[in-house]
Every structure is written in structure tokens, then in C-alpha cells.
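Asks: Following this line is query03.cif, made up of mmCIF, C-alpha atoms and all ligand atoms:
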data_coords
loop_
_atom_site.label_atom_id
_atom_site.label_comp_id
_atom_site.auth_asym_id
_atom_site.auth_seq_id
_atom_site.Cartn_x
_atom_site.Cartn_y
_atom_site.Cartn_z
CA MET A 1 90.13 104.03 75.42
CA THR A 2 90.83 103.13 79.02
CA THR A 3 89.72 105.69 81.59
CA ILE A 4 92.32 106.32 84.25
CA ILE A 5 90.27 107.11 87.34
CA ASP A 6 91.75 110.24 88.89
CA GLY A 7 91.53 109.48 92.61
CA LYS A 8 93.41 112.66 93.51
CA ALA A 9 90.94 114.94 91.72
CA ILE A 10 87.86 113.05 92.96
CA ALA A 11 89.26 113.06 96.52
CA ALA A 12 89.81 116.83 96.23
CA SER A 13 86.15 117.33 95.40
CA VAL A 14 85.05 115.13 98.35
CA ARG A 15 87.38 117.15 100.63
CA GLU A 16 85.94 120.44 99.30
CA LYS A 17 82.41 119.28 100.06
CA ALA A 18 83.48 118.32 103.59
CA ALA A 19 85.16 121.72 104.02
CA SER A 20 82.06 123.63 102.96
CA ALA A 21 79.93 121.53 105.35
CA VAL A 22 82.41 122.41 108.12
CA ALA A 23 82.14 126.12 107.27
CA ASP A 24 78.35 125.84 107.32
CA ILE A 25 78.35 124.08 110.72
CA LYS A 26 80.69 126.73 112.12
CA SER A 27 78.63 129.66 110.91
CA ARG A 28 75.22 128.24 111.81
CA HIS A 29 76.07 126.50 115.10
CA GLY A 30 79.40 127.97 116.23
CA VAL A 31 80.87 124.47 116.43
CA GLN A 32 84.21 123.26 115.06
CA PRO A 33 84.18 119.48 114.40
CA ALA A 34 87.26 117.70 115.75
CA LEU A 35 89.05 114.49 114.82
CA ALA A 36 91.33 112.68 117.30
CA VAL A 37 93.93 110.30 115.89
CA VAL A 38 95.76 107.83 118.13
CA LEU A 39 99.11 106.48 116.98
CA VAL A 40 100.98 103.92 119.07
CA GLY A 41 104.60 103.21 118.16
CA GLU A 42 106.96 104.25 115.39
CA ASP A 43 105.77 102.37 112.28
CA PRO A 44 107.12 104.62 109.48
CA ALA A 45 104.19 104.12 107.07
CA SER A 46 101.69 104.85 109.86
CA GLN A 47 103.55 108.04 110.73
CA VAL A 48 103.23 109.25 107.13
CA TYR A 49 99.49 108.45 107.03
CA VAL A 50 98.84 110.14 110.38
CA ARG A 51 100.73 113.23 109.23
CA ASN A 52 98.67 113.33 105.98
CA LYS A 53 95.43 112.96 107.95
CA HIS A 54 96.45 115.80 110.27
CA VAL A 55 97.18 118.18 107.38
CA ALA A 56 93.97 117.28 105.51
CA THR A 57 91.84 117.67 108.66
CA GLU A 58 93.17 121.16 109.39
CA LYS A 59 92.84 122.20 105.73
CA SER A 60 89.15 121.26 105.86
CA GLY A 61 88.64 123.66 108.78
CA MET A 62 88.30 120.95 111.41
CA ARG A 63 90.38 120.58 114.54
CA SER A 64 92.94 117.78 114.49
CA ILE A 65 94.06 116.28 117.79
CA GLU A 66 97.02 113.90 117.66
CA HIS A 67 97.90 111.46 120.43
CA LYS A 68 101.26 109.81 119.86
CA LEU A 69 102.08 107.11 122.38
CA PRO A 70 105.33 105.15 122.71
CA GLU A 71 105.60 101.59 121.38
CA ASN A 72 105.65 100.11 124.92
CA THR A 73 102.32 101.69 126.00
CA SER A 74 100.09 99.12 127.72
CA GLU A 75 96.76 98.01 126.27
CA ASP A 76 94.99 99.39 129.35
CA ASP A 77 96.54 102.82 128.80
CA VAL A 78 95.39 102.90 125.15
CA VAL A 79 91.90 101.85 126.28
CA ALA A 80 91.94 104.58 128.95
CA LEU A 81 92.80 107.19 126.30
CA VAL A 82 89.99 105.99 124.01
CA ARG A 83 87.53 106.23 126.93
CA LYS A 84 88.72 109.76 127.69
CA LEU A 85 88.14 110.73 124.04
CA ASN A 86 84.69 109.08 124.13
CA ASP A 87 83.78 111.28 127.10
CA ASP A 88 85.23 114.47 125.60
CA ASP A 89 82.31 116.42 124.17
CA GLU A 90 84.62 118.42 121.90
CA VAL A 91 85.77 115.26 120.04
CA ASP A 92 83.58 114.12 117.13
CA GLY A 93 85.72 111.39 115.57
CA ILE A 94 88.26 108.91 116.94
CA LEU A 95 90.67 106.97 114.74
CA VAL A 96 93.13 104.45 116.15
CA GLN A 97 95.80 103.90 113.53
CA LEU A 98 96.38 100.23 112.67
CA PRO A 99 98.39 98.07 113.02
CA LEU A 100 98.86 98.40 116.79
CA PRO A 101 101.97 96.91 118.44
CA LYS A 102 101.71 93.12 118.89
CA HIS A 103 101.10 93.20 122.66
CA ILE A 104 97.88 95.22 122.17
CA SER A 105 94.58 93.66 121.05
CA SER A 106 93.30 95.87 118.24
CA ASP A 107 89.91 94.18 118.56
CA ARG A 108 89.57 95.30 122.20
CA VAL A 109 90.84 98.83 121.55
CA ILE A 110 88.69 99.41 118.44
CA ASN A 111 85.55 98.19 120.18
CA GLU A 112 86.09 100.65 123.03
CA ILE A 113 85.48 103.50 120.56
CA HIS A 114 81.97 104.93 120.91
CA PRO A 115 80.14 103.83 117.71
CA ASP A 116 78.96 107.38 117.03
CA LYS A 117 82.60 108.60 117.04
CA ASP A 118 83.93 105.59 115.08
CA VAL A 119 84.88 107.44 111.87
CA ASP A 120 86.80 104.36 110.65
CA GLY A 121 83.57 102.34 110.81
CA LEU A 122 85.38 99.39 112.41
CA THR A 123 83.43 98.78 115.62
CA GLU A 124 81.07 95.82 115.87
CA VAL A 125 78.12 98.20 116.00
CA ASN A 126 79.00 99.94 112.73
CA ALA A 127 79.91 96.65 111.02
CA GLY A 128 76.48 95.35 112.11
CA ARG A 129 74.71 98.46 110.85
CA LEU A 130 76.43 98.07 107.46
CA ILE A 131 75.31 94.45 107.12
CA LEU A 132 71.77 95.30 108.21
CA GLY A 133 71.58 98.28 105.84
CA LYS A 134 71.10 100.76 108.70
CA GLU A 135 72.59 104.24 108.86
CA GLY A 136 76.03 104.23 110.49
CA LEU A 137 79.64 105.12 109.80
CA VAL A 138 81.12 103.23 106.84
CA PRO A 139 84.85 102.32 106.57
CA CYS A 140 86.72 104.94 104.53
CA THR A 141 88.69 102.86 102.00
CA PRO A 142 85.68 100.79 100.85
CA GLN A 143 83.52 103.92 100.69
CA GLY A 144 86.19 105.66 98.58
CA SER A 145 86.46 102.63 96.29
CA VAL A 146 82.72 102.64 95.55
CA ILE A 147 82.70 106.41 94.94
CA LEU A 148 85.49 105.89 92.37
CA ALA A 149 83.64 103.03 90.63
CA LYS A 150 80.49 105.17 90.44
CA THR A 151 82.34 107.96 88.64
CA VAL A 152 82.63 105.51 85.73
CA THR A 153 79.02 104.26 85.79
CA GLU A 154 76.61 105.84 88.24
CA ASN A 155 74.39 102.75 88.26
CA LEU A 156 76.24 99.60 89.32
CA SER A 157 73.04 97.56 89.59
CA GLY A 158 73.31 94.01 88.23
CA LEU A 159 77.04 94.16 87.56
CA ASN A 160 79.26 91.26 88.63
CA ALA A 161 81.63 92.52 91.31
CA VAL A 162 84.59 90.45 92.51
CA VAL A 163 86.38 91.55 95.67
CA VAL A 164 89.75 89.86 96.21
CA GLY A 165 90.57 90.02 99.95
CA ARG A 166 88.23 89.68 102.92
CA SER A 167 89.78 91.82 105.65
CA ILE A 168 87.65 93.62 108.22
CA LEU A 169 89.24 96.95 107.17
CA VAL A 170 88.66 96.64 103.41
CA GLY A 171 87.42 93.45 101.70
CA LYS A 172 84.33 92.58 103.77
CA PRO A 173 82.87 96.09 104.04
CA LEU A 174 83.62 96.73 100.34
CA ALA A 175 81.64 93.60 99.40
CA MET A 176 78.72 94.84 101.56
CA LEU A 177 78.73 98.28 99.92
CA LEU A 178 78.76 96.75 96.43
CA LEU A 179 75.87 94.50 97.46
CA ALA A 180 74.00 97.60 98.63
CA GLU A 181 74.58 98.98 95.09
CA ASN A 182 72.82 95.82 93.81
CA CYS A 183 75.94 94.22 92.38
CA THR A 184 76.21 90.44 92.29
CA VAL A 185 79.16 90.08 94.63
CA THR A 186 81.80 87.36 94.83
CA MET A 187 84.34 87.45 97.65
CA ALA A 188 87.66 85.82 96.79
CA HIS A 189 90.53 85.13 99.20
CA SER A 190 93.64 83.03 99.74
CA ARG A 191 91.72 79.74 99.53
CA THR A 192 89.82 80.60 96.34
CA LYS A 193 90.22 77.94 93.64
CA ASP A 194 91.24 79.35 90.27
CA LEU A 195 91.35 83.03 91.22
CA ALA A 196 92.11 83.96 87.60
CA ALA A 197 88.85 82.42 86.37
CA VAL A 198 86.85 84.14 89.14
CA CYS A 199 88.40 87.51 88.28
CA ARG A 200 87.62 87.10 84.57
CA GLU A 201 83.89 87.14 85.41
CA ALA A 202 84.14 90.58 87.03
CA ASP A 203 82.58 93.72 85.58
CA ILE A 204 84.02 95.43 88.66
CA LEU A 205 87.26 93.91 89.93
CA CYS A 206 88.52 95.11 93.32
CA ALA A 207 91.88 94.01 94.66
CA ALA A 208 92.66 94.37 98.40
CA VAL A 209 95.28 91.74 99.06
CA GLY A 210 98.68 93.24 99.77
CA ILE A 211 100.62 91.27 97.12
CA PRO A 212 102.33 93.44 94.49
CA ARG A 213 100.83 92.91 90.99
CA LEU A 214 99.03 89.68 91.94
CA ILE A 215 96.22 90.39 89.45
CA LYS A 216 97.50 89.83 85.90
CA GLY A 217 96.34 91.56 82.73
CA ASP A 218 94.73 88.40 81.36
CA TRP A 219 92.61 88.03 84.54
CA VAL A 220 90.76 91.22 83.60
CA LYS A 221 87.57 91.08 81.51
CA LYS A 222 87.54 93.47 78.56
CA GLY A 223 85.99 96.78 79.59
CA ALA A 224 85.94 95.99 83.34
CA ILE A 225 86.25 98.63 86.06
CA VAL A 226 89.40 97.82 88.06
CA ILE A 227 89.75 99.26 91.58
CA ASP A 228 93.21 98.64 93.00
CA VAL A 229 93.26 99.13 96.78
CA GLY A 230 96.74 97.64 97.30
CA ILE A 231 99.56 99.83 98.55
CA ASN A 232 102.86 97.97 98.34
CA ARG A 233 106.32 99.47 98.70
CA ILE A 234 108.77 97.54 96.51
CA GLU A 235 112.31 98.00 95.34
CA GLU A 236 112.65 98.15 91.58
CA SER A 237 115.77 99.02 89.59
CA GLY A 238 117.40 100.20 92.81
CA LYS A 239 114.54 102.57 93.70
CA MET A 240 111.65 102.27 96.15
CA ARG A 241 108.29 102.63 94.50
CA LEU A 242 104.62 102.22 95.35
CA VAL A 243 102.64 99.60 93.39
CA GLY A 244 99.18 98.14 93.72
CA ASP A 245 97.87 94.58 93.79
CA VAL A 246 97.16 94.79 90.05
CA ASP A 247 99.71 94.53 87.24
CA TYR A 248 98.75 98.03 86.14
CA ASP A 249 100.32 98.28 82.67
CA ALA A 250 98.91 94.96 81.47
CA ALA A 251 95.48 95.49 83.11
CA ALA A 252 95.13 99.02 81.72
CA GLU A 253 95.25 97.57 78.18
CA VAL A 254 92.10 95.51 78.76
CA ALA A 255 90.15 97.43 81.41
CA GLY A 256 87.49 100.00 80.64
CA ALA A 257 88.60 102.04 83.65
CA ILE A 258 91.33 101.58 86.25
CA THR A 259 92.63 103.30 89.38
CA PRO A 260 96.36 104.04 89.52
CA VAL A 261 98.64 103.54 92.56
CA PRO A 262 99.49 106.06 93.90
CA GLY A 263 96.74 108.53 93.11
CA GLY A 264 93.76 106.15 93.19
CA VAL A 265 92.03 104.75 96.26
CA GLY A 266 94.66 106.08 98.75
CA PRO A 267 93.65 109.77 98.57
CA MET A 268 89.97 108.77 98.78
CA THR A 269 90.56 107.10 102.15
CA ILE A 270 91.54 110.39 103.74
CA ALA A 271 88.78 112.33 101.95
CA CYS A 272 86.16 109.86 103.24
CA LEU A 273 87.60 110.13 106.75
CA LEU A 274 86.89 113.89 106.68
CA ARG A 275 83.41 113.19 105.31
CA ASN A 276 82.72 110.69 108.13
CA THR A 277 83.95 113.16 110.75
CA VAL A 278 81.53 115.84 109.49
CA LEU A 279 78.68 113.31 109.47
CA ALA A 280 79.57 112.10 112.97
CA ALA A 281 79.69 115.68 114.28
CA ALA A 282 76.33 116.59 112.75
CA ARG A 283 74.59 113.45 114.04
CA ARG A 284 76.06 113.42 117.54
CA ARG A 285 75.48 117.14 118.07
CA GLY A 286 71.98 117.00 116.58
CA LEU A 287 72.70 119.61 113.89
CA GLY A 288 70.26 118.14 111.37
CA LYS A 289 71.09 116.95 107.86
CA VAL A 290 74.36 118.12 106.31
CA GLU A 291 75.29 117.79 102.65
CA VAL A 292 78.65 116.03 102.24
N1 LIG B 1 94.38 102.55 99.73
C1 LIG B 1 94.14 102.55 101.04
O1 LIG B 1 93.69 103.52 101.59
C2 LIG B 1 94.37 101.32 101.82
C3 LIG B 1 95.14 100.33 101.28
N2 LIG B 1 95.35 99.18 101.93
C4 LIG B 1 96.13 98.16 101.23
O2 LIG B 1 95.26 97.14 100.74
C5 LIG B 1 95.89 95.88 100.78
C6 LIG B 1 95.05 94.94 101.62
O3 LIG B 1 94.98 95.41 102.94
P1 LIG B 1 94.19 94.64 104.09
O4 LIG B 1 92.83 94.32 103.62
O5 LIG B 1 94.36 95.42 105.32
O6 LIG B 1 95.10 93.30 104.15
P2 LIG B 1 94.99 91.96 105.01
O7 LIG B 1 96.36 91.41 105.03
O8 LIG B 1 94.26 92.21 106.27
O9 LIG B 1 94.08 91.02 104.10
C7 LIG B 1 94.51 90.48 102.90
C8 LIG B 1 93.45 89.61 102.25
O10 LIG B 1 93.99 89.11 101.04
C9 LIG B 1 93.78 87.71 100.97
N3 LIG B 1 94.86 87.05 100.25
C10 LIG B 1 96.14 86.86 100.67
N4 LIG B 1 96.85 86.21 99.73
C11 LIG B 1 96.01 85.98 98.70
C12 LIG B 1 96.14 85.31 97.45
N5 LIG B 1 97.30 84.78 97.06
N6 LIG B 1 95.07 85.24 96.65
C13 LIG B 1 93.89 85.78 97.04
N7 LIG B 1 93.69 86.42 98.20
C14 LIG B 1 94.74 86.51 99.04
C15 LIG B 1 93.71 87.22 102.41
O11 LIG B 1 92.95 86.03 102.41
P3 LIG B 1 92.66 85.17 103.76
O12 LIG B 1 91.58 85.91 104.46
O13 LIG B 1 92.21 83.86 103.20
O14 LIG B 1 93.94 85.11 104.51
C16 LIG B 1 93.04 88.40 103.10
O15 LIG B 1 91.65 88.28 103.09
C17 LIG B 1 97.29 96.14 101.31
O16 LIG B 1 98.16 96.35 100.22
C18 LIG B 1 97.13 97.45 102.09
O17 LIG B 1 98.34 98.18 102.17
C19 LIG B 1 94.75 98.93 103.15
C20 LIG B 1 93.98 99.90 103.75
C21 LIG B 1 93.76 101.18 103.15
N1 LIG B 2 92.61 102.71 111.54
C1 LIG B 2 93.12 102.72 110.31
N2 LIG B 2 92.38 103.21 109.29
C2 LIG B 2 92.88 103.25 108.02
O1 LIG B 2 92.20 103.69 107.08
C3 LIG B 2 94.22 102.78 107.81
C4 LIG B 2 94.94 102.28 108.90
N3 LIG B 2 94.37 102.27 110.13
N4 LIG B 2 96.18 101.79 108.72
C5 LIG B 2 96.84 101.78 107.43
C6 LIG B 2 95.87 101.81 106.27
C7 LIG B 2 96.48 102.35 105.00
N5 LIG B 2 95.78 103.59 104.72
C8 LIG B 2 96.10 104.50 103.72
C9 LIG B 2 95.68 105.82 103.72
C10 LIG B 2 96.07 106.72 102.75
C11 LIG B 2 96.90 106.32 101.73
C12 LIG B 2 97.35 107.31 100.71
O2 LIG B 2 97.09 108.49 100.81
N6 LIG B 2 98.09 106.89 99.67
C13 LIG B 2 98.65 107.74 98.63
C14 LIG B 2 100.16 107.67 98.61
C15 LIG B 2 100.83 107.88 99.93
C16 LIG B 2 102.31 107.54 99.88
O3 LIG B 2 103.02 108.07 99.01
O4 LIG B 2 102.73 106.71 100.71
C17 LIG B 2 98.18 107.26 97.27
O5 LIG B 2 97.84 106.07 97.15
O6 LIG B 2 98.19 108.06 96.35
C18 LIG B 2 97.32 105.01 101.69
C19 LIG B 2 96.91 104.10 102.66
C20 LIG B 2 94.84 103.78 105.69
N7 LIG B 2 94.82 102.79 106.56
#
In C-alpha cells, write the structure found in this file.
Ligand SMILES: NC(=O)C1=CN([C@@H]2O[C@H](COP(=O)(O)OP(=O)(O)OC[C@H]3O[C@@H](n4cnc5c(N)ncnc54)[C@H](OP(=O)(O)O)[C@@H]3O)[C@@H](O)[C@H]2O)C=CC1
Ligand SMILES: Nc1nc(=O)c2c([nH]1)NC[C@@H]1CN(c3ccc(C(=O)N[C@@H](CCC(=O)O)C(=O)O)cc3)C=[N+]21
Replies:
Amino acid sequence: MTTIIDGKAIAASVREKAASAVADIKSRHGVQPALAVVLVGEDPASQVYVRNKHVATEKSGMRSIEHKLPENTSEDDVVALVRKLNDDDEVDGILVQLPLPKHISSDRVINEIHPDKDVDGLTEVNAGRLILGKEGLVPCTPQGSVILAKTVTENLSGLNAVVVGRSILVGKPLAMLLLAENCTVTMAHSRTKDLAAVCREADILCAAVGIPRLIKGDWVKKGAIVIDVGINRIEESGKMRLVGDVDYDAAAEVAGAITPVPGGVGPMTIACLLRNTVLAAARRRGLGKVEV
């Protein structure tokens, strides 16, 4: 029997833990952690995500601060806002929604975020900490992906993990986290020779590419754990629908466990963002260890 990994339910339990840590911080220290989200422009998908983040943040008991800037905002103005949020002692986490408009360097803007408020884990400092195995803030989608894999088998040690995609946001940090779990990690990408053969070796197969149903059923090893990070909006039989990077129906017949899209990794991204904001608040404000 294939296990369908219930990302929604697992995300709900991560969010509940974050909410009880928030309640604890409030009652013991009189502090309300706050997350600031910066959205530049009108990208419709980004607007939906930012809205979802706002609702989830408030539901967890934290303060959500939204900064919506017009498409034509200059890079210097975005940087100035990030600096203001860095200096604001009430703000614990800063997230700059990607992609930014083309005239703005996301690399410059992201690296202006103070590393201790970088709840997306995308600054050079946090990327460095992750590679060096030091405590820092870990990107949300990769973190959520590993939590989901570990609900299938708590101990991932020695398993062959293949990560398809090597982006800074998902693929690279996911490979690092799986390495930290003692997996034998292979990173595949657009230049990989015989991707199908590489995927067939995977005990844990993670797809973060952005191509609908790229990963076919016969690329999946029998019993493998399949984590589908892809979120693709496609038109099918006259309707818009959301599909992953894995051919779900075919893969589910062979896999031991698989994440659906929607309802898999997506909800975990937001849950882990709340978790990171609580951790950032506790560390920056010197509140001691919190359980999240
Ligand atoms: N669930 C969630 O919360 C999130 C989902 N996503 C989704 O995950 C997917 C990936 O996002 P992201 O990492 O930002 O995407 P990017 O476009 O930044 O990276 C895509 C990666 O896929 C690789 N790739 C492209 N074509 C192929 C191919 N034919 N075979 C193998 N590898 C290929 C690229 O290789 P190369 O480096 O060689 O160009 C690149 O490394 C998207 O669908 C996105 O919407 C993203 C963030 C969060
Ligand atoms: N700085 C930054 N950090 C990000 O983490 C970031 C980003 N920019 N830009 C865009 C991507 C994408 N992303 C998603 C978050 C939640 C869902 C999610 O909740 N998905 C639901 C469905 C939502 C729907 O119906 O559209 C699901 O899969 O079940 C998906 C994708 C975060 N990203």
C-alpha cells in the first residue's frame, strides 16, 4: 500500500506547535513575535501566497506586518525598507517575496536582511551556516520536505536521496539537509545525463524543477519516498489545475510513500515559516530555548 503523505495535517501540527510556543512567549515574557512580509508588484501567485502567510501568522498568535510596494519601486527603496525592518526591534522575521520585479537585484535585497531575522534562510550567512552544520535559520520548503520524509521513516541514515533541481531556494538547501540526515545525496539538474537512471537509484526522490509531471512512474524505485515540491498551474480539459513535477498517478503505483500536490509540501512551507519566526524571536530576544 502506498502512503499518501498528508502535508496539510502534518503542517497543521507544526503550526499548532508554533502557536503554543507563541502563547508561552507571550505569557512568560510579554512579547508578541512579529513577521514582516515585503511584496513588490502584482504577481498574482505571490499575492495569494502573501495572503496565506498573513492569515497563518495571525492565527498562530503572532503579529503580521505587510508591506506592499508598487511594481515600479526602485531597488534602493526596497533596500531602505529592509534596513528599516532590520532596525525595528519589534520585528522578528523579514520575508521578501520572490520573484522581485526584473529591475531589482534579489541577491542584493535578500542579503540586506539581518541574518537573525532571515526567516527564509536565504542570506549568505544562513546558507553558510547550513553548509557548515551550524545553528541558523533553514529555508522553509526544504525543511518542510525533510519533515514530511521523516514521517515515513524517522531514520533516513544511509538512504540514497536524489534531489532534482539545484536552486538556492529549494534544491541546494534540501540536499544539505538530507546530507545532515546522513543520506547519500545526488543532486540532479538540467545537465544531468540520463535523469531517469539517476532517479531509479533513489530511496528518497525529491523533485524541485518547475516542469509539470517531468518525473515518470517508471523513474521511481519500488517503495521509494517521493517528495514533490513542484507547484505548476496548468490547463487541463478546459480547467486550471495545480500539478507537481511528478506524474502522480503513475508514481503512486510504485512509490512506498508520496506527497500530493496540492496538500503536500506547499502547506509545510508556511508552517515552517511560522516555526522559523518563533525561533528567530526567541534567539534574538534572548528568551532561552523554545520547543517548536
Ligand atoms: N511547495 C513550495 O512551497 C514551493 C514550491 N516551489 C516550486 O518548486 C519548483 C522549483 O522551484 P525553484 O527551485 O524555485 O525553481 P528554479 O527554476 O529556480 O530551479 C529549477 C531547477 O530545476 C532544474 N531543471 C530545469 N529543467 C530540468 C530538467 N529538464 N531536468 C532536470 N532538472 C531541470 C534547473 O537546473 P539548472 O540549474 O541546470 O538550470 C534548476 O536547478 C517550482 O515548481 C516551484 O513553483 C518553489 C518554492 C516553494
Ligand atoms: N521569499 C520567498 N519564500 C518562499 O518560500 C517563496 C517565495 N519567496 N516565492 C514563491 C515560492 C512558492 N511558495 C509556496 C508557498 C506555499 C504554497 C502552498 O501553500 N501551496 C498549496 C496550494 C496553494 C494554491 O492553491 O495555490 C498546496 O500546495 O497545497 C505553495 C508555494 C513559497 N515560495
Asks: Show me which residues are within 7 Å of ligand LIG 2 (chain B) counting only C-alpha atoms and all ligand atoms, and format the list as a list in words.
Replies: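 Residues lying within 7 Å of ligand LIG 2 (chain B): Ser46, Val48, Tyr49, Leu95, Val96, Gln97, Leu98, Pro99, Asp120, Cys140, Thr141, Ile231, Val261, Pro262, Gly263, Gly264, Val265, Gly266, Pro267, Thr269 and Ile270 of chain A.
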Asks: Please identify every residue of chain A that has at least one atom no farther than 7 Å from an atom of ligand LIG 1 (chain B), counting all atoms listed in the file, and for each give the shortest atom pair and the distance in Å to one decimal, arranged by chain then increasing number, as JSON lines.
Replies:
{"residue": "A:Thr141", "atom": "CA", "partner": "B:LIG1", "partner_atom": "O1", "distance": 5.1}
{"residue": "A:Val164", "atom": "CA", "partner": "B:LIG1", "partner_atom": "N7", "distance": 5.6}
{"residue": "A:Gly165", "atom": "CA", "partner": "B:LIG1", "partner_atom": "O10", "distance": 3.7}
{"residue": "A:Arg166", "atom": "CA", "partner": "B:LIG1", "partner_atom": "O15", "distance": 3.7}
{"residue": "A:Ser167", "atom": "CA", "partner": "B:LIG1", "partner_atom": "O4", "distance": 4.4}
{"residue": "A:Ile168", "atom": "CA", "partner": "B:LIG1", "partner_atom": "O4", "distance": 7.0}
{"residue": "A:Leu169", "atom": "CA", "partner": "B:LIG1", "partner_atom": "O5", "distance": 5.7}
{"residue": "A:Val170", "atom": "CA", "partner": "B:LIG1", "partner_atom": "O4", "distance": 4.8}
{"residue": "A:Gly171", "atom": "CA", "partner": "B:LIG1", "partner_atom": "O4", "distance": 5.8}
{"residue": "A:Ala188", "atom": "CA", "partner": "B:LIG1", "partner_atom": "N7", "distance": 6.2}
{"residue": "A:His189", "atom": "CA", "partner": "B:LIG1", "partner_atom": "N7", "distance": 3.6}
{"residue": "A:Ser190", "atom": "CA", "partner": "B:LIG1", "partner_atom": "C14", "distance": 3.7}
{"residue": "A:Arg191", "atom": "CA", "partner": "B:LIG1", "partner_atom": "O13", "distance": 5.5}
{"residue": "A:Thr192", "atom": "CA", "partner": "B:LIG1", "partner_atom": "C13", "distance": 6.6}
{"residue": "A:Leu195", "atom": "CA", "partner": "B:LIG1", "partner_atom": "C13", "distance": 6.9}
{"residue": "A:Ala208", "atom": "CA", "partner": "B:LIG1", "partner_atom": "C6", "distance": 4.1}
{"residue": "A:Val209", "atom": "CA", "partner": "B:LIG1", "partner_atom": "O10", "distance": 3.5}
{"residue": "A:Gly210", "atom": "CA", "partner": "B:LIG1", "partner_atom": "O16", "distance": 3.2}
{"residue": "A:Ile211", "atom": "CA", "partner": "B:LIG1", "partner_atom": "O16", "distance": 6.4}
{"residue": "A:Val229", "atom": "CA", "partner": "B:LIG1", "partner_atom": "N1", "distance": 4.7}
{"residue": "A:Gly230", "atom": "CA", "partner": "B:LIG1", "partner_atom": "O16", "distance": 3.5}
{"residue": "A:Ile231", "atom": "CA", "partner": "B:LIG1", "partner_atom": "O16", "distance": 4.1}
{"residue": "A:Asn232", "atom": "CA", "partner": "B:LIG1", "partner_atom": "O16", "distance": 5.3}
{"residue": "A:Gly244", "atom": "CA", "partner": "B:LIG1", "partner_atom": "O16", "distance": 6.8}
{"residue": "A:Asp245", "atom": "CA", "partner": "B:LIG1", "partner_atom": "O16", "distance": 6.7}
{"residue": "A:Val265", "atom": "CA", "partner": "B:LIG1", "partner_atom": "N1", "distance": 4.7}
{"residue": "A:Gly266", "atom": "CA", "partner": "B:LIG1", "partner_atom": "N1", "distance": 3.7}
{"residue": "A:Pro267", "atom": "CA", "partner": "B:LIG1", "partner_atom": "O1", "distance": 6.9}
{"residue": "A:Thr269", "atom": "CA", "partner": "B:LIG1", "partner_atom": "O1", "distance": 4.8}
Asks: With distances taken over all atoms listed in the file, which of A:Val38, A:Ala45, A:Cys272, A:Ala255 is nearest to Leu81 in chain A?
Replies: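 Smallest distance to Leu81 in chain A is found for A:Val38.
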Asks: What does the distance from CA of Ser64 in chain A to CA of Gly93 in chain A come to in Å, to one decimal?
Replies: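 Atom-to-atom, CA of Ser64 in chain A and CA of Gly93 in chain A are spaced 9.7 Å apart.
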Asks: Go ahead and compute the interatomic distance for CA of Ile5 in chain A and CA of Ile225 in chain A, in Å to one decimal.
Replies: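 For CA of Ile5 in chain A relative to CA of Ile225 in chain A, the distance reads 9.5 Å.
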Asks: Which distance in Å separates CA of Gly128 in chain A and CA of Lys17 in chain A, to one decimal?
Replies: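 The value is 27.4 Å.
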Asks: Could you pull the residues within 10 Å of Ala257 in chain A, counting only C-alpha atoms, minus those fewer than 4 positions along the same chain, as a PyMOL selection string?
Replies: chain A and resi 1-5+149+151-152+204+223-227+251-253
Asks: Which residue gives the smallest distance to Gln32 in chain A among A:Glu90, A:Asp76, A:Glu16, A:Glu66, with all atoms listed in the file counted?
Replies: A:Glu90
Asks: Pick the closest to Ala281 in chain A from A:Cys183, A:Leu39, A:His29, A:Lys134: which is it, counting all atoms listed in the file?
Replies: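 Closest residue, counting all atoms listed in the file: A:His29.
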Asks: Identify the residues within 8 Å of coordinate (90.4, 113.2, 105.3) (same frame as the file), considering only C-alpha atoms, and give the answer as a ChimeraX atom specification.
Replies: /A:15,53,56-57,268-275
Asks: When you write range 168-179 of chain A out from the block above, keep C-alpha atoms and present the result as an mmCIF file, in the first residue's frame, please.
Replies:
data_model
loop_
_atom_site.group_PDB
_atom_site.id
_atom_site.type_symbol
_atom_site.label_atom_id
_atom_site.label_comp_id
_atom_site.auth_asym_id
_atom_site.auth_seq_id
_atom_site.Cartn_x
_atom_site.Cartn_y
_atom_site.Cartn_z
ATOM 1 C CA ILE A 168 19.134 28.444 -3.957
ATOM 2 C CA LEU A 169 15.532 28.482 -2.626
ATOM 3 C CA VAL A 170 14.910 24.711 -2.711
ATOM 4 C CA GLY A 171 17.281 22.193 -4.342
ATOM 5 C CA LYS A 172 20.636 23.127 -2.781
ATOM 6 C CA PRO A 173 19.443 23.587 0.812
ATOM 7 C CA LEU A 174 17.316 20.415 0.545
ATOM 8 C CA ALA A 175 20.402 18.430 -0.492
ATOM 9 C CA MET A 176 22.303 19.862 2.514
ATOM 10 C CA LEU A 177 19.526 18.918 4.944
ATOM 11 C CA LEU A 178 19.366 15.362 3.579
ATOM 12 C CA LEU A 179 23.146 15.133 3.920
#
